[in-house]
>>> print(open('upload.cif').read())   # mmCIF, C-alpha atoms, pLDDT in the B column; chains and numbers go by the auth columns
data_entry
#
loop_
_atom_site.group_PDB
_atom_site.id
_atom_site.type_symbol
_atom_site.label_atom_id
_atom_site.label_comp_id
_atom_site.label_asym_id
_atom_site.label_seq_id
_atom_site.Cartn_x
_atom_site.Cartn_y
_atom_site.Cartn_z
_atom_site.B_iso_or_equiv
_atom_site.auth_seq_id
_atom_site.auth_asym_id
ATOM 1 C CA MET A 1 -137.927 88.033 -166.972 84.00 18 J
ATOM 2 C CA VAL A 2 -140.559 90.749 -166.844 91.00 19 J
ATOM 3 C CA SER A 3 -141.867 91.502 -163.359 95.00 20 J
ATOM 4 C CA GLU A 4 -145.469 91.909 -162.240 96.00 21 J
ATOM 5 C CA VAL A 5 -144.769 95.617 -161.695 96.00 22 J
ATOM 6 C CA ASN A 6 -143.519 95.976 -165.294 97.00 23 J
ATOM 7 C CA ILE A 7 -146.632 94.264 -166.639 96.00 24 J
ATOM 8 C CA CYS A 8 -148.865 96.467 -164.481 96.00 25 J
ATOM 9 C CA ASN A 9 -146.993 99.587 -165.563 97.00 26 J
ATOM 10 C CA ASN A 10 -147.435 98.676 -169.236 96.00 27 J
ATOM 11 C CA ALA A 11 -151.173 98.338 -168.668 95.00 28 J
ATOM 12 C CA LEU A 12 -151.294 101.589 -166.687 97.00 29 J
ATOM 13 C CA LEU A 13 -149.456 103.449 -169.452 97.00 30 J
ATOM 14 C CA LYS A 14 -151.982 102.206 -172.018 97.00 31 J
ATOM 15 C CA ILE A 15 -154.777 103.902 -170.068 96.00 32 J
ATOM 16 C CA HIS A 16 -152.646 107.011 -169.387 97.00 33 J
ATOM 17 C CA ALA A 17 -152.501 106.363 -165.627 97.00 34 J
ATOM 18 C CA GLN A 18 -149.610 106.939 -163.223 96.00 35 J
ATOM 19 C CA THR A 19 -147.129 104.075 -163.003 97.00 36 J
ATOM 20 C CA ILE A 20 -146.185 102.323 -159.770 97.00 37 J
ATOM 21 C CA THR A 21 -142.878 101.329 -158.196 96.00 38 J
ATOM 22 C CA ALA A 22 -144.258 98.357 -156.255 95.00 39 J
ATOM 23 C CA LEU A 23 -147.510 96.466 -155.893 93.00 40 J
ATOM 24 C CA THR A 24 -147.495 97.557 -152.257 93.00 41 J
ATOM 25 C CA ASP A 25 -147.612 101.278 -153.139 94.00 42 J
ATOM 26 C CA ASN A 26 -150.375 103.198 -151.422 94.00 43 J
ATOM 27 C CA SER A 27 -151.928 104.492 -154.649 96.00 44 J
ATOM 28 C CA GLN A 28 -155.149 103.790 -156.519 96.00 45 J
ATOM 29 C CA GLU A 29 -153.126 102.321 -159.378 96.00 46 J
ATOM 30 C CA ALA A 30 -151.283 99.838 -157.138 97.00 47 J
ATOM 31 C CA VAL A 31 -154.519 98.861 -155.397 96.00 48 J
ATOM 32 C CA ALA A 32 -156.161 98.231 -158.788 96.00 49 J
ATOM 33 C CA CYS A 33 -153.188 96.141 -159.921 96.00 50 J
ATOM 34 C CA ASN A 34 -153.396 94.072 -156.742 93.00 51 J
ATOM 35 C CA ILE A 35 -157.100 93.474 -157.288 94.00 52 J
ATOM 36 C CA TYR A 36 -156.948 92.541 -160.973 95.00 53 J
ATOM 37 C CA TYR A 37 -153.466 91.209 -161.777 95.00 54 J
ATOM 38 C CA GLU A 38 -153.891 87.549 -160.786 95.00 55 J
ATOM 39 C CA GLN A 39 -157.321 87.188 -162.382 95.00 56 J
ATOM 40 C CA MET A 40 -156.200 88.803 -165.635 94.00 57 J
ATOM 41 C CA ARG A 41 -153.045 86.664 -165.744 93.00 58 J
ATOM 42 C CA ASP A 42 -155.083 83.504 -165.257 94.00 59 J
ATOM 43 C CA ASP A 43 -157.611 84.598 -167.900 95.00 60 J
ATOM 44 C CA VAL A 44 -154.848 85.140 -170.459 93.00 61 J
ATOM 45 C CA LEU A 45 -153.208 81.795 -169.650 90.00 62 J
ATOM 46 C CA THR A 46 -156.492 79.893 -170.065 91.00 63 J
ATOM 47 C CA ALA A 47 -157.584 81.776 -173.202 94.00 64 J
ATOM 48 C CA HIS A 48 -155.114 79.842 -175.387 93.00 65 J
ATOM 49 C CA PRO A 49 -153.196 76.557 -175.080 90.00 66 J
ATOM 50 C CA TRP A 50 -149.799 78.253 -174.625 89.00 67 J
ATOM 51 C CA ASN A 51 -146.934 75.753 -174.958 89.00 68 J
ATOM 52 C CA PHE A 52 -145.064 77.221 -171.985 87.00 69 J
ATOM 53 C CA ALA A 53 -148.137 76.982 -169.735 82.00 70 J
ATOM 54 C CA ILE A 54 -148.882 73.296 -170.307 83.00 71 J
ATOM 55 C CA ALA A 55 -147.716 70.741 -167.785 83.00 72 J
ATOM 56 C CA GLU A 56 -147.773 67.058 -168.581 85.00 73 J
ATOM 57 C CA ALA A 57 -147.470 64.209 -166.159 83.00 74 J
ATOM 58 C CA THR A 58 -147.746 60.459 -166.360 85.00 75 J
ATOM 59 C CA PRO A 59 -150.160 59.210 -163.708 82.00 76 J
ATOM 60 C CA SER A 60 -148.920 56.571 -161.305 82.00 77 J
ATOM 61 C CA LEU A 61 -150.928 53.460 -160.632 78.00 78 J
ATOM 62 C CA SER A 62 -151.959 52.836 -157.068 76.00 79 J
ATOM 63 C CA VAL A 63 -151.021 49.534 -155.450 73.00 80 J
ATOM 64 C CA ASP A 64 -154.226 49.566 -153.389 70.00 81 J
ATOM 65 C CA ALA A 65 -157.368 47.875 -154.616 60.00 82 J
ATOM 66 C CA PRO A 66 -159.776 50.273 -156.326 60.00 83 J
ATOM 67 C CA LEU A 67 -162.573 51.674 -154.205 63.00 84 J
ATOM 68 C CA ILE A 68 -165.089 51.258 -157.011 62.00 85 J
ATOM 69 C CA THR A 69 -165.409 47.622 -158.050 63.00 86 J
ATOM 70 C CA GLN A 70 -166.264 48.237 -161.714 71.00 87 J
ATOM 71 C CA PHE A 71 -162.622 49.239 -162.342 69.00 88 J
ATOM 72 C CA SER A 72 -159.648 46.935 -162.110 69.00 89 J
ATOM 73 C CA TYR A 73 -157.124 49.692 -161.252 71.00 90 J
ATOM 74 C CA LYS A 74 -156.882 53.261 -159.975 72.00 91 J
ATOM 75 C CA TYR A 75 -154.423 56.132 -160.282 72.00 92 J
ATOM 76 C CA LEU A 76 -152.842 58.170 -157.510 74.00 93 J
ATOM 77 C CA LYS A 77 -153.854 61.807 -157.208 71.00 94 J
#
>>> encode(input="upload.cif", output="structure tokens")
Amino acid sequence: MVSEVNICNNALLKIHAQTITALTDNSQEAVACNIYYEQMRDDVLTAHPWNFAIAEATPSLSVDAPLITQFSYKYLK
């Protein structure tokens, strides 16, 4: 599996910047990676319905009476 540092280093190489050895490095490049990595990762994951990034679950019915009377059942969160 590719690490966060590898992904950051690939991006840094594309802009001809110095690579890092860890996200905790005390360099401008590592600081920038720490600022932007999570947001960019999330943007890429939400930009397309990737099969590996989709989770499916079957909701469970609650045994309690629904709080809103117009419905005859409710699901657990």
>>> atom_distance(input="upload.cif", atom1="CA of Ala28 (chain J)", atom2="CA of Phe69 (chain J)")
22.2 Å
>>> resolve_selection(input="upload.cif", expression="the PyMOL selection byres ((chain J and resi 54) around 12)", output="short mmCIF file (atom, residue, chain, number, x, y, z; two decimals) with C-alpha atoms, in the frame of the given file")
data_model
loop_
_atom_site.label_atom_id
_atom_site.label_comp_id
_atom_site.auth_asym_id
_atom_site.auth_seq_id
_atom_site.Cartn_x
_atom_site.Cartn_y
_atom_site.Cartn_z
CA SER J 20 -141.87 91.50 -163.36
CA GLU J 21 -145.47 91.91 -162.24
CA VAL J 22 -144.77 95.62 -161.70
CA ASN J 23 -143.52 95.98 -165.29
CA ILE J 24 -146.63 94.26 -166.64
CA CYS J 25 -148.86 96.47 -164.48
CA ASN J 26 -146.99 99.59 -165.56
CA ALA J 28 -151.17 98.34 -168.67
CA LEU J 29 -151.29 101.59 -166.69
CA LEU J 40 -147.51 96.47 -155.89
CA GLU J 46 -153.13 102.32 -159.38
CA ALA J 47 -151.28 99.84 -157.14
CA VAL J 48 -154.52 98.86 -155.40
CA ALA J 49 -156.16 98.23 -158.79
CA CYS J 50 -153.19 96.14 -159.92
CA ASN J 51 -153.40 94.07 -156.74
CA ILE J 52 -157.10 93.47 -157.29
CA TYR J 53 -156.95 92.54 -160.97
CA GLU J 55 -153.89 87.55 -160.79
CA GLN J 56 -157.32 87.19 -162.38
CA MET J 57 -156.20 88.80 -165.64
CA ARG J 58 -153.04 86.66 -165.74
CA ASP J 59 -155.08 83.50 -165.26
CA ASP J 60 -157.61 84.60 -167.90
CA VAL J 61 -154.85 85.14 -170.46
#
>>> axis_aligned_box(input="upload.cif", around="region 36-53 of chain J", padding_each_side="5 Å", output="AutoDock Vina command-line options")
--center_x -150.0 --center_y 98.5 --center_z -157.2 --size_x 24.2 --size_y 22.0 --size_z 21.6
>>> atom_distance(input="upload.cif", atom1="CA of Pro76 (chain J)", atom2="CA of Lys94 (chain J)")
7.9 Å
>>> atom_distance(input="upload.cif", atom1="CA of Gln35 (chain J)", atom2="CA of Ala64 (chain J)")
28.2 Å
>>> decode(input="upload.cif", residues="region 37-93 of chain J", atoms="C-alpha atoms", output="PDB file, in the first residue's frame")
ATOM      1  CA  ILE J  37      10.071  14.716   2.506  1.00  0.00           C
ATOM      2  CA  THR J  38      10.895  11.728   4.697  1.00  0.00           C
ATOM      3  CA  ALA J  39       7.952  12.176   7.074  1.00  0.00           C
ATOM      4  CA  LEU J  40       4.897  14.373   7.426  1.00  0.00           C
ATOM      5  CA  THR J  41       6.421  15.607  10.677  1.00  0.00           C
ATOM      6  CA  ASP J  42       9.524  17.025   8.946  1.00  0.00           C
ATOM      7  CA  ASN J  43      10.259  20.634   9.783  1.00  0.00           C
ATOM      8  CA  SER J  44      10.226  21.822   6.165  1.00  0.00           C
ATOM      9  CA  GLN J  45       7.897  23.979   4.096  1.00  0.00           C
ATOM     10  CA  GLU J  46       7.059  20.956   1.954  1.00  0.00           C
ATOM     11  CA  ALA J  47       6.020  18.810   4.936  1.00  0.00           C
ATOM     12  CA  VAL J  48       3.989  21.669   6.407  1.00  0.00           C
ATOM     13  CA  ALA J  49       2.190  22.119   3.067  1.00  0.00           C
ATOM     14  CA  CYS J  50       1.486  18.383   2.860  1.00  0.00           C
ATOM     15  CA  ASN J  51       0.049  18.432   6.376  1.00  0.00           C
ATOM     16  CA  ILE J  52      -2.201  21.353   5.493  1.00  0.00           C
ATOM     17  CA  TYR J  53      -3.519  20.025   2.180  1.00  0.00           C
ATOM     18  CA  TYR J  54      -3.277  16.218   2.183  1.00  0.00           C
ATOM     19  CA  GLU J  55      -6.550  15.329   3.931  1.00  0.00           C
ATOM     20  CA  GLN J  56      -8.629  17.871   2.019  1.00  0.00           C
ATOM     21  CA  MET J  57      -7.199  16.812  -1.340  1.00  0.00           C
ATOM     22  CA  ARG J  58      -7.711  13.122  -0.525  1.00  0.00           C
ATOM     23  CA  ASP J  59     -11.331  13.755   0.406  1.00  0.00           C
ATOM     24  CA  ASP J  60     -11.885  15.856  -2.733  1.00  0.00           C
ATOM     25  CA  VAL J  61     -10.572  13.059  -4.954  1.00  0.00           C
ATOM     26  CA  LEU J  62     -12.680  10.427  -3.177  1.00  0.00           C
ATOM     27  CA  THR J  63     -15.878  12.475  -3.574  1.00  0.00           C
ATOM     28  CA  ALA J  64     -15.172  13.513  -7.180  1.00  0.00           C
ATOM     29  CA  HIS J  65     -16.121  10.054  -8.504  1.00  0.00           C
ATOM     30  CA  PRO J  66     -18.129   7.088  -7.187  1.00  0.00           C
ATOM     31  CA  TRP J  67     -15.059   4.865  -6.688  1.00  0.00           C
ATOM     32  CA  ASN J  68     -16.051   1.236  -6.043  1.00  0.00           C
ATOM     33  CA  PHE J  69     -13.475   0.832  -3.270  1.00  0.00           C
ATOM     34  CA  ALA J  70     -14.704   3.958  -1.459  1.00  0.00           C
ATOM     35  CA  ILE J  71     -18.378   2.996  -1.253  1.00  0.00           C
ATOM     36  CA  ALA J  72     -19.738   1.484   1.927  1.00  0.00           C
ATOM     37  CA  GLU J  73     -23.139  -0.136   2.009  1.00  0.00           C
ATOM     38  CA  ALA J  74     -25.156  -1.025   5.046  1.00  0.00           C
ATOM     39  CA  THR J  75     -28.622  -2.346   5.688  1.00  0.00           C
ATOM     40  CA  PRO J  76     -30.391  -0.125   8.209  1.00  0.00           C
ATOM     41  CA  SER J  77     -31.811  -1.764  11.305  1.00  0.00           C
ATOM     42  CA  LEU J  78     -35.347  -1.096  12.407  1.00  0.00           C
ATOM     43  CA  SER J  79     -35.812   0.354  15.847  1.00  0.00           C
ATOM     44  CA  VAL J  80     -38.070  -1.460  18.300  1.00  0.00           C
ATOM     45  CA  ASP J  81     -39.146   1.851  19.848  1.00  0.00           C
ATOM     46  CA  ALA J  82     -42.218   3.680  18.639  1.00  0.00           C
ATOM     47  CA  PRO J  83     -41.423   6.410  16.110  1.00  0.00           C
ATOM     48  CA  LEU J  84     -41.100   9.928  17.452  1.00  0.00           C
ATOM     49  CA  ILE J  85     -43.008  11.369  14.509  1.00  0.00           C
ATOM     50  CA  THR J  86     -46.520   9.948  14.312  1.00  0.00           C
ATOM     51  CA  GLN J  87     -46.911  10.144  10.525  1.00  0.00           C
ATOM     52  CA  PHE J  88     -44.510   7.183  10.175  1.00  0.00           C
ATOM     53  CA  SER J  89     -45.196   3.661  11.333  1.00  0.00           C
ATOM     54  CA  TYR J  90     -41.512   2.732  11.856  1.00  0.00           C
ATOM     55  CA  LYS J  91     -38.057   4.248  12.289  1.00  0.00           C
ATOM     56  CA  TYR J  92     -34.477   3.165  11.654  1.00  0.00           C
ATOM     57  CA  LEU J  93     -31.555   3.203  14.063  1.00  0.00           C
TER      58      LEU J  93
END
